[in-house]
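A.B. asks: The structure is given below, and queries will be raised subsequently.
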Amino acid sequence: MEKSFEIKKSLLITLATIAIIGILIAFLGVLTNNQGASSLWSSVLLNAYFVTAIAAGCAFFVLVHNLADSGWHTALIRIPESIATFFPVAGLLMLLILPGLGEIYHWTHPQGDALLEAKTPFLNTPFFIIRLIIYYLLWSLMFLKIWQQTKKMDTDNSPVIYKNLKRLSGVFIVLFVSTFYFASIDWIMTIDPHWYSSLFGFFLLSGAVVMGVSAIIIILITAQYFGYFQHVKTNHLHDLGKYLFGFSIFWGYLWGSQYLLIWYSNIPEESVYYVERLTHFPELLRLSVVLSFIVPLMGLMTAGSKKNKTWLLIMAIVVLVGQWINLYVAVKPGSTGENASINLFDIGTLMLFVSLLVYVTFRSLTKIKQVPINHPFMHEALMDDELDGDHH
Amino acid sequence: MKPQNILSGYFTSEEQLISALKHLQKEKITIIDVFTPYPVHGLEKLLKIKPETLSYIAFGGGILGFIVGIGMQIVISTHLAPVVFGGKPLMAIPSFMPITTMLTLLFAVFAVVFGFFIQTGTGAGAVNRIYDPGTTNDRFLILIDANSSEAKLVFTKTNAIDIKLVD
């Protein structure tokens, strides 16, 4: 019988401690900051985007699997669904950057720059804020709707609910992917407002999926360690490992495509993006590719490595760190400048935001059953182990 | 060592096949081979077939393709045909990436295909015994060792259809 999910006091204390230490470190970071106010604001943007992207990756995971009539994911679908309930909080965190828009984005003061002046119909502060609010409202409402159906499924065994979920997922995935594409352009790409790359949105979306899968793996293995989600077996971990492996390669492929095209054509207004990063942040740029592409490519290649819980956990954490550095390299050079370095404020706000994400996820998990007993594919999801002969 | 007597019998569904195999294994009857129209999930584990080595062959082929791809381009562009294009250096690693990727894939795929042919004894010119043409359609065929006396009796109990000696 499944152990019903509860937030223990010890977990709450741990999370609160991490959050408070995070606030203290961030405060120290403000006091010792010598890189100007833009460093602080862009750190908030970086970390708010990081947690939003984790939720977005999980949202993508849920929508794709609902739509594809997939069976195996049913055993662990509650985790990505719970992580995706973070969208409203992520939106509030993202609103924190609004006072500092002028520090992060050059297009907020386009005077004297003909190119930026020409872009003002799209890149202006009021429209940016409206878009930001629309994105988060849309995503929050989408996952409120999914969440309602999910909760209903716990008590109601009508197959209509799954049909509804599937129909909703079909509409939502189109809305979600297109809005996330534009959101990534809005928040990250416009930091370098003269530069553009048409696959940048998909590049960040693939990164978000990698982050979402990593977060699912980390939370699943942690929950299993404390005695929850015991019905999730090695087969499911193996599939999650394949996801992490595959999407890391996809991310590396998009990274390579973007870099290769810009390097090849060597047009100054395009190559300036990489020139800046290769001159001032060469270690971080290479580290991000190594950690989120080379390491999972080599480390998760064999079937055994994907089934090993400890190894998979290590890989997921490494990939998350790599993705964070990737975002750092994308955000900092344009906003803070060439002197930016990872400082206490970055680490502090990251700890605070991640502890919030974990808290919201666990709080959502307490409200639903870990095993979606009325899901039509539940039997299929658990069947693999019966064929192994373990239970006979 | 080839068993003298082989009994064949078929089933019409995956579930019947699995339960029959379990029953035969319980009675310690030697199962020689199983033929199915499509890959049946969990069959390898049931028959205790060793994990295939094909993935290692693919990896080896991929490494070889990588070395050949990048080595060939370096040698050609720096020694055999040194042409400066687009102001890039002679040994411009990023421009070698696409061809190296493609050769890695090509060698890995060839290694898998020919490795598979050799391991399973299939491919052009190979002659293999067809026990029942129905296994390509809707039949799940089991071959068992009929040397022990109770083999046929146990096989009959599994409700196998058309049990007969294979000559």
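Chains: A, B, ... in order of the structure tokens. Residues: from 1 per chain. Ligands: from 1, in order shown.
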Which polymer residues have any atom within 8 Å of an atom of stretch 273-280 of chain A, counting only C-alpha atoms, with same-chain residues fewer than 2 positions away left out, as a list in words?
C.D. replies: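 So, after excluding close chain neighbours, the residues are Asp192, Trp195, Tyr259, Glu269, Glu270, Ser271, Pro282, Leu285, Val329, Pro333, Glu338 and Asn339 of chain A.
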A.B. asks: Print the selection's residues with C-alpha atoms to a file, as a compact mmCIF listing (two decimals), in the first residue's frame.
C.D. replies:
```txt
# COMPACT_ATOMS: atom_id res chain seq x y z
CA ASP A 192 21.83 41.44 -26.36
CA TRP A 195 21.98 40.11 -31.82
CA TYR A 259 27.60 27.99 -32.93
CA GLU A 269 26.68 41.37 -35.89
CA GLU A 270 26.12 37.64 -35.32
CA SER A 271 29.59 36.51 -34.25
CA PRO A 282 35.82 31.01 -22.15
CA LEU A 285 31.18 28.61 -21.93
CA VAL A 329 26.75 32.69 -19.88
CA PRO A 333 27.80 39.25 -20.54
CA GLU A 338 32.77 41.47 -19.14
CA ASN A 339 33.70 41.66 -15.44
```
A.B. asks: May I have the residues within 10 Å of stretch 151-163 of chain B as number ranges by chain, using only C-alpha atoms and disregarding those fewer than 5 positions away in the same chain?
C.D. replies: B: 7-12, 16-17, 19-24, 27-30, 139-146
A.B. asks: Report, in Å to a single decimal, how far apart atom CA of A:Gly246 and atom CA of A:Ile219 are.
C.D. replies: 19.7 Å
A.B. asks: As an exercise, work out the distance from atom CA of A:Leu199 to atom CA of A:Leu254 in Å and give it to one decimal place.
C.D. replies: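 Atom CA of A:Leu254 lies at a distance of 7.8 Å from atom CA of A:Leu199.
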A.B. asks: One number please: atom CA of B:Thr100 to atom CA of A:Glu283, in Å, one decimal.
C.D. replies: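 Value for the atom CA of B:Thr100-atom CA of A:Glu283 distance: 24.6 Å.
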A.B. asks: Which polymer residues have any atom within 8 Å of an atom of stretch 101-111 of chain A, counting only C-alpha atoms, with same-chain residues fewer than 5 positions away left out, as a PyMOL selection string?
C.D. replies: chain A and resi 37-38+41-42+116-117+120+123-125+190-193+335-336
A.B. asks: Show me, as a list in words, the residues of chain B whose atoms get within 7 Å of chain A, using only C-alpha atoms for the distance check.
C.D. replies: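 Every residue meeting the condition is included here: Gly42, Lys45 and Pro94 of chain B.
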A.B. asks: Would you mind exporting the chosen residues as a PDB file, in the first residue's frame, restricted to C-alpha atoms?
C.D. replies:
```
ATOM      1  CA  GLY B  42      10.068  -9.914 -21.721  1.00  0.00           C
ATOM      2  CA  LYS B  45      14.441 -12.537 -19.771  1.00  0.00           C
ATOM      3  CA  PRO B  94      34.277  23.425 -36.124  1.00  0.00           C
TER       4      PRO B  94
END
```
A.B. asks: Hey, what does DSSP flag as strand (DSSP E) within stretch 28-165 of chain B? Can you give it to me as a list of chain:residue names?
C.D. replies: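 In stretch 28-165 of chain B, DSSP puts these residues in strand (DSSP E): B:Ile31, B:Ile32, B:Asp33, B:Val34, B:Phe35, B:Phe140, B:Leu141, B:Ile142, B:Leu143, B:Ile144, B:Asp145, B:Ile161, B:Asp162, B:Ile163, B:Lys164, B:Leu165.
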A.B. asks: Filtering to all heavy atoms, could you give me those residues as a compact mmCIF listing (two decimals), in the first residue's frame?
C.D. replies:
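Saved result, selection-v5.txt, follows:
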```txt
# COMPACT_ATOMS: atom_id res chain seq x y z
N ILE B 31 13.93 -25.96 -23.69
CA ILE B 31 13.35 -25.21 -24.81
C ILE B 31 14.47 -24.90 -25.79
O ILE B 31 15.49 -24.30 -25.41
CB ILE B 31 12.69 -23.91 -24.31
CG1 ILE B 31 11.53 -24.25 -23.38
CG2 ILE B 31 12.19 -23.08 -25.48
CD1 ILE B 31 11.15 -23.14 -22.46
N ILE B 32 14.32 -25.36 -27.02
CA ILE B 32 15.41 -25.17 -27.98
C ILE B 32 15.32 -23.79 -28.63
O ILE B 32 16.31 -23.06 -28.70
CB ILE B 32 15.38 -26.27 -29.05
CG1 ILE B 32 15.72 -27.59 -28.37
CG2 ILE B 32 16.37 -25.97 -30.16
CD1 ILE B 32 15.42 -28.79 -29.18
N ASP B 33 14.13 -23.43 -29.09
CA ASP B 33 14.01 -22.11 -29.72
C ASP B 33 12.55 -21.68 -29.72
O ASP B 33 11.65 -22.51 -29.58
CB ASP B 33 14.55 -22.16 -31.16
CG ASP B 33 15.22 -20.86 -31.55
OD1 ASP B 33 14.94 -19.84 -30.88
OD2 ASP B 33 16.02 -20.86 -32.50
N VAL B 34 12.35 -20.38 -29.89
CA VAL B 34 11.00 -19.82 -29.96
C VAL B 34 10.95 -18.89 -31.17
O VAL B 34 11.88 -18.10 -31.37
CB VAL B 34 10.64 -19.04 -28.68
CG1 VAL B 34 9.27 -18.40 -28.81
CG2 VAL B 34 10.67 -19.94 -27.47
N PHE B 35 9.91 -19.00 -31.98
CA PHE B 35 9.75 -18.11 -33.13
C PHE B 35 8.46 -17.31 -32.97
O PHE B 35 7.41 -17.89 -32.70
CB PHE B 35 9.68 -18.92 -34.43
CG PHE B 35 10.95 -19.64 -34.75
CD1 PHE B 35 11.18 -20.92 -34.27
CD2 PHE B 35 11.93 -19.03 -35.51
CE1 PHE B 35 12.36 -21.58 -34.55
CE2 PHE B 35 13.10 -19.69 -35.80
CZ PHE B 35 13.33 -20.96 -35.32
N PHE B 140 2.96 -18.40 -32.85
CA PHE B 140 4.08 -18.33 -31.92
C PHE B 140 4.58 -19.75 -31.71
O PHE B 140 3.94 -20.53 -31.02
CB PHE B 140 3.62 -17.71 -30.60
CG PHE B 140 3.09 -16.31 -30.75
CD1 PHE B 140 1.83 -16.08 -31.25
CD2 PHE B 140 3.87 -15.22 -30.40
CE1 PHE B 140 1.34 -14.80 -31.39
CE2 PHE B 140 3.39 -13.94 -30.55
CZ PHE B 140 2.13 -13.72 -31.05
N LEU B 141 5.71 -20.09 -32.32
CA LEU B 141 6.17 -21.48 -32.37
C LEU B 141 7.19 -21.74 -31.27
O LEU B 141 8.08 -20.93 -31.02
CB LEU B 141 6.81 -21.74 -33.74
CG LEU B 141 7.08 -23.19 -34.09
CD1 LEU B 141 5.80 -23.89 -34.52
CD2 LEU B 141 8.13 -23.28 -35.18
N ILE B 142 7.05 -22.92 -30.63
CA ILE B 142 8.06 -23.35 -29.65
C ILE B 142 8.67 -24.66 -30.13
O ILE B 142 7.95 -25.55 -30.59
CB ILE B 142 7.42 -23.58 -28.26
CG1 ILE B 142 6.79 -22.30 -27.74
CG2 ILE B 142 8.47 -24.06 -27.26
CD1 ILE B 142 6.21 -22.45 -26.35
N LEU B 143 9.99 -24.76 -30.03
CA LEU B 143 10.67 -26.02 -30.30
C LEU B 143 11.20 -26.54 -28.97
O LEU B 143 11.88 -25.80 -28.25
CB LEU B 143 11.85 -25.82 -31.26
CG LEU B 143 11.55 -25.25 -32.64
CD1 LEU B 143 12.85 -25.18 -33.44
CD2 LEU B 143 10.54 -26.11 -33.38
N ILE B 144 10.87 -27.82 -28.65
CA ILE B 144 11.41 -28.37 -27.40
C ILE B 144 12.18 -29.65 -27.67
O ILE B 144 12.02 -30.29 -28.70
CB ILE B 144 10.31 -28.64 -26.35
CG1 ILE B 144 9.32 -29.68 -26.87
CG2 ILE B 144 9.61 -27.37 -25.95
CD1 ILE B 144 8.55 -30.34 -25.76
N ASP B 145 13.03 -29.98 -26.71
CA ASP B 145 13.82 -31.21 -26.78
C ASP B 145 12.91 -32.38 -26.37
O ASP B 145 12.39 -32.39 -25.25
CB ASP B 145 15.01 -31.06 -25.82
CG ASP B 145 15.87 -32.30 -25.81
OD1 ASP B 145 15.57 -33.23 -26.58
OD2 ASP B 145 16.83 -32.32 -25.02
N ILE B 161 -0.86 -26.16 -30.27
CA ILE B 161 -1.58 -26.66 -31.44
C ILE B 161 -0.59 -27.37 -32.36
O ILE B 161 0.56 -26.92 -32.51
CB ILE B 161 -2.25 -25.48 -32.18
CG1 ILE B 161 -3.16 -24.72 -31.22
CG2 ILE B 161 -3.04 -25.97 -33.39
CD1 ILE B 161 -3.60 -23.38 -31.72
N ASP B 162 -1.04 -28.46 -32.98
CA ASP B 162 -0.27 -29.12 -34.02
C ASP B 162 1.11 -29.55 -33.54
O ASP B 162 2.13 -29.20 -34.13
CB ASP B 162 -0.15 -28.17 -35.24
CG ASP B 162 0.33 -28.91 -36.47
OD1 ASP B 162 0.23 -30.15 -36.48
OD2 ASP B 162 0.80 -28.25 -37.41
N ILE B 163 1.13 -30.39 -32.46
CA ILE B 163 2.41 -30.87 -31.95
C ILE B 163 2.92 -31.97 -32.88
O ILE B 163 2.20 -32.92 -33.17
CB ILE B 163 2.25 -31.41 -30.52
CG1 ILE B 163 1.77 -30.29 -29.60
CG2 ILE B 163 3.55 -32.01 -30.01
CD1 ILE B 163 1.44 -30.71 -28.22
N LYS B 164 4.15 -31.82 -33.35
CA LYS B 164 4.69 -32.85 -34.22
C LYS B 164 6.21 -32.90 -34.13
O LYS B 164 6.85 -31.93 -33.69
CB LYS B 164 4.25 -32.62 -35.67
CG LYS B 164 4.73 -31.31 -36.24
CD LYS B 164 4.18 -31.11 -37.65
CE LYS B 164 4.63 -29.76 -38.18
NZ LYS B 164 3.83 -29.28 -39.28
N LEU B 165 6.75 -34.05 -34.54
CA LEU B 165 8.20 -34.19 -34.55
C LEU B 165 8.77 -33.44 -35.75
O LEU B 165 8.22 -33.51 -36.85
CB LEU B 165 8.59 -35.67 -34.66
CG LEU B 165 8.75 -36.43 -33.34
CD1 LEU B 165 9.05 -37.88 -33.65
CD2 LEU B 165 9.87 -35.82 -32.52
```
A.B. asks: If we count only C-alpha atoms and set the cut-off at 10 Å, which residues sit around A:Val354, ignoring sequence neighbours fewer than 3 positions away in its own chain? Please answer as a list in words.
C.D. replies: Leu15, Ile18, Ala19, Gly22, Asn47, Ala48, Phe50, Val51, Ile54, Thr349, Leu350, Met351, Leu357, Val358, Tyr359 and Val360 of chain A
A.B. asks: Limited to C-alpha atoms, could you put the picked residues into a file as an mmCIF file, in the first residue's frame?
C.D. replies:
```cif
data_model
loop_
_atom_site.group_PDB
_atom_site.id
_atom_site.type_symbol
_atom_site.label_atom_id
_atom_site.label_comp_id
_atom_site.auth_asym_id
_atom_site.auth_seq_id
_atom_site.Cartn_x
_atom_site.Cartn_y
_atom_site.Cartn_z
ATOM 1 C CA LEU A 15 13.968 23.802 3.301
ATOM 2 C CA ILE A 18 18.283 26.538 2.984
ATOM 3 C CA ALA A 19 15.999 29.486 2.188
ATOM 4 C CA GLY A 22 20.141 31.723 0.867
ATOM 5 C CA ASN A 47 17.474 32.370 -11.177
ATOM 6 C CA ALA A 48 13.806 33.184 -11.780
ATOM 7 C CA PHE A 50 16.057 28.869 -14.084
ATOM 8 C CA VAL A 51 13.162 27.766 -11.861
ATOM 9 C CA ILE A 54 12.425 23.596 -14.689
ATOM 10 C CA THR A 349 18.968 33.753 -4.706
ATOM 11 C CA LEU A 350 19.403 30.334 -6.387
ATOM 12 C CA MET A 351 19.124 28.598 -2.998
ATOM 13 C CA LEU A 357 10.309 25.214 -5.924
ATOM 14 C CA VAL A 358 10.867 22.100 -3.820
ATOM 15 C CA TYR A 359 8.387 23.277 -1.183
ATOM 16 C CA VAL A 360 5.634 24.017 -3.723
#
```
A.B. asks: Using only C-alpha atoms, which residue out of A:Trp311, A:Tyr328, A:Phe245, A:Phe122 lies closest to A:Ser292?
C.D. replies: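 The answer is A:Phe245, which sits nearest to A:Ser292.
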